[in-house]
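*Asks:* For reference, the structure I am asking about is given below.
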Amino acid sequence: MQPKQQLLSLRPYKPGKPVEEVKRELGLEKIVKLASNENPYGCSDLAKDKITEELSNLHVYPDGYSAELREKLADYLGVDQDQLIFGNGSDEVVQILCRAYLSPETNTVMPAPTFPQYRHNAIIDGAEVREVQLINGNHDLEAMLAAIDNQTRIVWLCNPNNPTGSYIPEADFVSFMKRVPSNVIVVSDEAYFEYVSAADYPNTVTYLNDFPNLVILRTFSKAHGLAALRIGYGIANSTVIQSIEPAREPFNTSRIAQAAAIGALDDAEFIKTCKEKNREGLKLFYSFCEDKGLLYYPSEANFILLDVQSDADEAFDFLLRKGYIVRSGNALGFPSMIRITVGEEAQNKEIISHLETYIETVKEKVSK
Ligand code: PMP
C-alpha cells in the first residue's frame, strides 16, 4: 500500500529520546532539556487557575469558534475578531495554510535553513519548494523576491528565524511587502515574538491594512509556556481568514488550551520577567562566545546558535553525557553549530562551563 508519492521523500518527525530513558542509559541523576525552545519558567499561575476551572467541563466539546479567547485576543491585539484563526499549535496553522493554498501546480518560497514545517507541509501538498539560502543567518529578501513567479502562492518569513535567532528589521520587511505581488500570501511566522527586544523589529499587525496578503503566526507555546497544550494562531485580513477556515478541523483546539490561553493573556508581568531573564541568559552566552572566539548569531529569540569548532554531533554527545540535551546543528543545516535554548541562570552557567571544557579539548586536538 503506497501513500501519496510526495510522502515517500519525507521522514516522520523524530522526537528526542524520553528524558527518563537517557537518564537510565547514561547513569545521570538529572537531565536538563534545552532543545525545544520551551520556557524554563513554566507558565503563568493565571493560566493554571483557568485550567483548573475548566476541569469540570471535560465531557463537553470545545467551542469550535473559540469565542471567549477570540474576543480577548482580538482586544489584546487591536484587531477584529474575524481576523483570527486558532490552531493546534501554530504548527497546525502552517498546515492549514498549505492545505488551503498549495497544490502540485504551485510553488512556495522560503528561507533555508528555517523552521522545517513549511517545507514539510508544502511537500505533502505537492507544491514545488523554492528554498533561498540565508546570508549570514539573515533572510536574503532580494533573492526571495526573485524566486517568486506566477505560480507562487505562499512566501514564508520566519521572524525571528529558527534556528538562527536573527530578525528582519521593519524597513526591510516593509520594502519586501511592497514588492511582493498582492496575490501571493506572505506568512510572517513570529513564534518568538514576545522575546524580541530589537527596536526596529516590525509590529506587523499594524501593516495588515496596507498588505491584504499578510498572515502573521504567533503561539502560546514559547514565552507563554503552554507548549504542551498546543495552541497558536494566525492574524490576517478577514477575507484571508474566511477563505482558509474550511481547511481547519472544527474542534482543533481543546477547552483546556483555550482556557489557559485566556489566563496567559492576563499576565503581562510573567512575559516581561521571562523576557528579561532570557536577555540576561543570552548575554552570558554572548560573552562566553566572545571570550572563546566562537562564532554565534545574535538572537532575538530564546535560543542561541553557536559554533563548536567541531562536528555538532560530538558536542551534542559531550553535553548529553553531562546531562544537557541541546539540538545538534547537523539536522538544522549548520553542521558545526549547536542550538541551545536559554535556560534558567544556573543552567546557563553550568552548560557554559561544560562547553568551555569541550572547546578546550577541541582546541587541544587541533593543536596536536
Ligand atoms: N514556528 C517556529 C519558528 C517555531 O520554532 C515553532 C516551534 N518550534 C513553531 C512555529 C511551532 O510552534 P507551536 O506549534 O508549538 O505553536
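Naming works like this for the C-alpha cells: A, B, ... for the chains as they're shown, residue 1 at the start of each chain, ligands 1 onward in shown order.
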Which of region 114-317 of chain A counts as strand (DSSP E or B) under DSSP, as a PyMOL selection string please?

*Replies:* chain A and resi 128-133+135+138+152-158+185-189+214-219+232-236+296+303-307

*Asks:* Fewer than 4 positions away in the same chain doesn't count, so skip those; otherwise give me all residues within 8 Å of Asn161 (chain A), counting only C-alpha atoms, as a ChimeraX atom specification.

*Replies:* /A:114-115,157,165-167

*Asks:* Can you spit out the residues from that selection as a PDB file, in the first residue's frame, using all heavy atoms?

*Replies:*
```
ATOM      1  N   THR A 114      15.525  27.034   7.945  1.00  0.00           N
ATOM      2  CA  THR A 114      14.479  27.676   8.737  1.00  0.00           C
ATOM      3  C   THR A 114      13.643  26.597   9.419  1.00  0.00           C
ATOM      4  O   THR A 114      13.983  25.405   9.378  1.00  0.00           O
ATOM      5  CB  THR A 114      13.606  28.605   7.851  1.00  0.00           C
ATOM      6  OG1 THR A 114      12.776  29.408   8.695  1.00  0.00           O
ATOM      7  CG2 THR A 114      12.710  27.814   6.903  1.00  0.00           C
ATOM      8  N   PHE A 115      12.541  26.990  10.004  1.00  0.00           N
ATOM      9  CA  PHE A 115      11.636  26.050  10.651  1.00  0.00           C
ATOM     10  C   PHE A 115      11.143  25.026   9.607  1.00  0.00           C
ATOM     11  O   PHE A 115      10.591  25.418   8.571  1.00  0.00           O
ATOM     12  CB  PHE A 115      10.461  26.845  11.235  1.00  0.00           C
ATOM     13  CG  PHE A 115       9.479  26.012  12.002  1.00  0.00           C
ATOM     14  CD1 PHE A 115       9.892  25.208  13.047  1.00  0.00           C
ATOM     15  CD2 PHE A 115       8.131  26.049  11.679  1.00  0.00           C
ATOM     16  CE1 PHE A 115       8.971  24.442  13.759  1.00  0.00           C
ATOM     17  CE2 PHE A 115       7.202  25.292  12.387  1.00  0.00           C
ATOM     18  CZ  PHE A 115       7.640  24.482  13.426  1.00  0.00           C
ATOM     19  N   LEU A 157       8.281  33.969   5.846  1.00  0.00           N
ATOM     20  CA  LEU A 157       9.322  34.696   6.566  1.00  0.00           C
ATOM     21  C   LEU A 157       9.298  34.145   7.986  1.00  0.00           C
ATOM     22  O   LEU A 157       8.218  33.969   8.554  1.00  0.00           O
ATOM     23  CB  LEU A 157       9.024  36.203   6.606  1.00  0.00           C
ATOM     24  CG  LEU A 157       8.814  36.917   5.265  1.00  0.00           C
ATOM     25  CD1 LEU A 157       8.453  38.387   5.509  1.00  0.00           C
ATOM     26  CD2 LEU A 157      10.069  36.819   4.397  1.00  0.00           C
ATOM     27  N   GLY A 165      17.882  32.752  15.085  1.00  0.00           N
ATOM     28  CA  GLY A 165      17.506  33.799  16.047  1.00  0.00           C
ATOM     29  C   GLY A 165      17.589  35.189  15.451  1.00  0.00           C
ATOM     30  O   GLY A 165      17.314  36.189  16.115  1.00  0.00           O
ATOM     31  N   SER A 166      17.982  35.274  14.164  1.00  0.00           N
ATOM     32  CA  SER A 166      18.130  36.583  13.528  1.00  0.00           C
ATOM     33  C   SER A 166      16.758  37.115  13.102  1.00  0.00           C
ATOM     34  O   SER A 166      15.804  36.355  12.962  1.00  0.00           O
ATOM     35  CB  SER A 166      19.052  36.473  12.322  1.00  0.00           C
ATOM     36  OG  SER A 166      18.721  35.315  11.587  1.00  0.00           O
ATOM     37  N   TYR A 167      16.664  38.441  12.896  1.00  0.00           N
ATOM     38  CA  TYR A 167      15.353  39.025  12.611  1.00  0.00           C
ATOM     39  C   TYR A 167      15.391  39.912  11.377  1.00  0.00           C
ATOM     40  O   TYR A 167      16.454  40.347  10.937  1.00  0.00           O
ATOM     41  CB  TYR A 167      14.841  39.813  13.821  1.00  0.00           C
ATOM     42  CG  TYR A 167      15.533  41.145  14.021  1.00  0.00           C
ATOM     43  CD1 TYR A 167      14.903  42.347  13.678  1.00  0.00           C
ATOM     44  CD2 TYR A 167      16.821  41.205  14.539  1.00  0.00           C
ATOM     45  CE1 TYR A 167      15.532  43.569  13.856  1.00  0.00           C
ATOM     46  CE2 TYR A 167      17.463  42.423  14.707  1.00  0.00           C
ATOM     47  CZ  TYR A 167      16.809  43.592  14.374  1.00  0.00           C
ATOM     48  OH  TYR A 167      17.442  44.799  14.535  1.00  0.00           O
TER      49      TYR A 167
END
```

*Asks:* Show me a table, sorted first by chain and then by increasing residue number, of the residues of chain A having an atom at most 7 Å from ligand 1, each with its shortest atom pair and the distance in Å to one decimal, counting only C-alpha atoms and all ligand atoms and written as a Markdown table.

*Replies:*
```
| residue | atom | partner | partner_atom_place_in_ligand_line | distance |
| --- | --- | --- | --- | --- |
| A:Ser36 | CA | ligand 1 | 8 (N) | 6.4 |
| A:Asn37 | CA | ligand 1 | 8 (N) | 6.7 |
| A:Asn88 | CA | ligand 1 | 14 (O) | 6.8 |
| A:Gly89 | CA | ligand 1 | 14 (O) | 3.4 |
| A:Ser90 | CA | ligand 1 | 16 (O) | 3.6 |
| A:Asp91 | CA | ligand 1 | 14 (O) | 3.7 |
| A:Glu92 | CA | ligand 1 | 14 (O) | 6.5 |
| A:Phe115 | CA | ligand 1 | 3 (C) | 5.2 |
| A:Cys158 | CA | ligand 1 | 3 (C) | 5.9 |
| A:Asn161 | CA | ligand 1 | 3 (C) | 6.1 |
| A:Asn162 | CA | ligand 1 | 3 (C) | 5.0 |
| A:Asp189 | CA | ligand 1 | 1 (N) | 5.8 |
| A:Glu190 | CA | ligand 1 | 3 (C) | 6.6 |
| A:Ala191 | CA | ligand 1 | 1 (N) | 4.9 |
| A:Arg218 | CA | ligand 1 | 16 (O) | 6.9 |
| A:Thr219 | CA | ligand 1 | 16 (O) | 4.5 |
| A:Phe220 | CA | ligand 1 | 16 (O) | 6.4 |
| A:Ser221 | CA | ligand 1 | 15 (O) | 4.7 |
| A:Ala227 | CA | ligand 1 | 15 (O) | 5.4 |
| A:Arg230 | CA | ligand 1 | 15 (O) | 5.9 |
| A:Ile231 | CA | ligand 1 | 16 (O) | 6.0 |
| A:Gly232 | CA | ligand 1 | 16 (O) | 4.7 |
```

*Asks:* I want to know what sits within 10 Å of Ile262 (chain A), based on only C-alpha atoms, with residues of the same chain fewer than 5 positions away left out; could you give that as a list in words?

*Replies:*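 My list of contacting residues is Leu46, Ala47, Lys50, Ile51, Glu68, Leu69, Arg70, Glu71, Lys72, Leu73, Ile256, Ala257 and Asp267 of chain A.
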
*Asks:* For Lys363 (chain A), work out the shell of residues within 12 Å, counting only C-alpha atoms and skipping chain neighbours fewer than 4 positions away, then give it as an NGL selection string.

*Replies:* :A and (292-294 or 308-310 or 356-359 or 367-368)
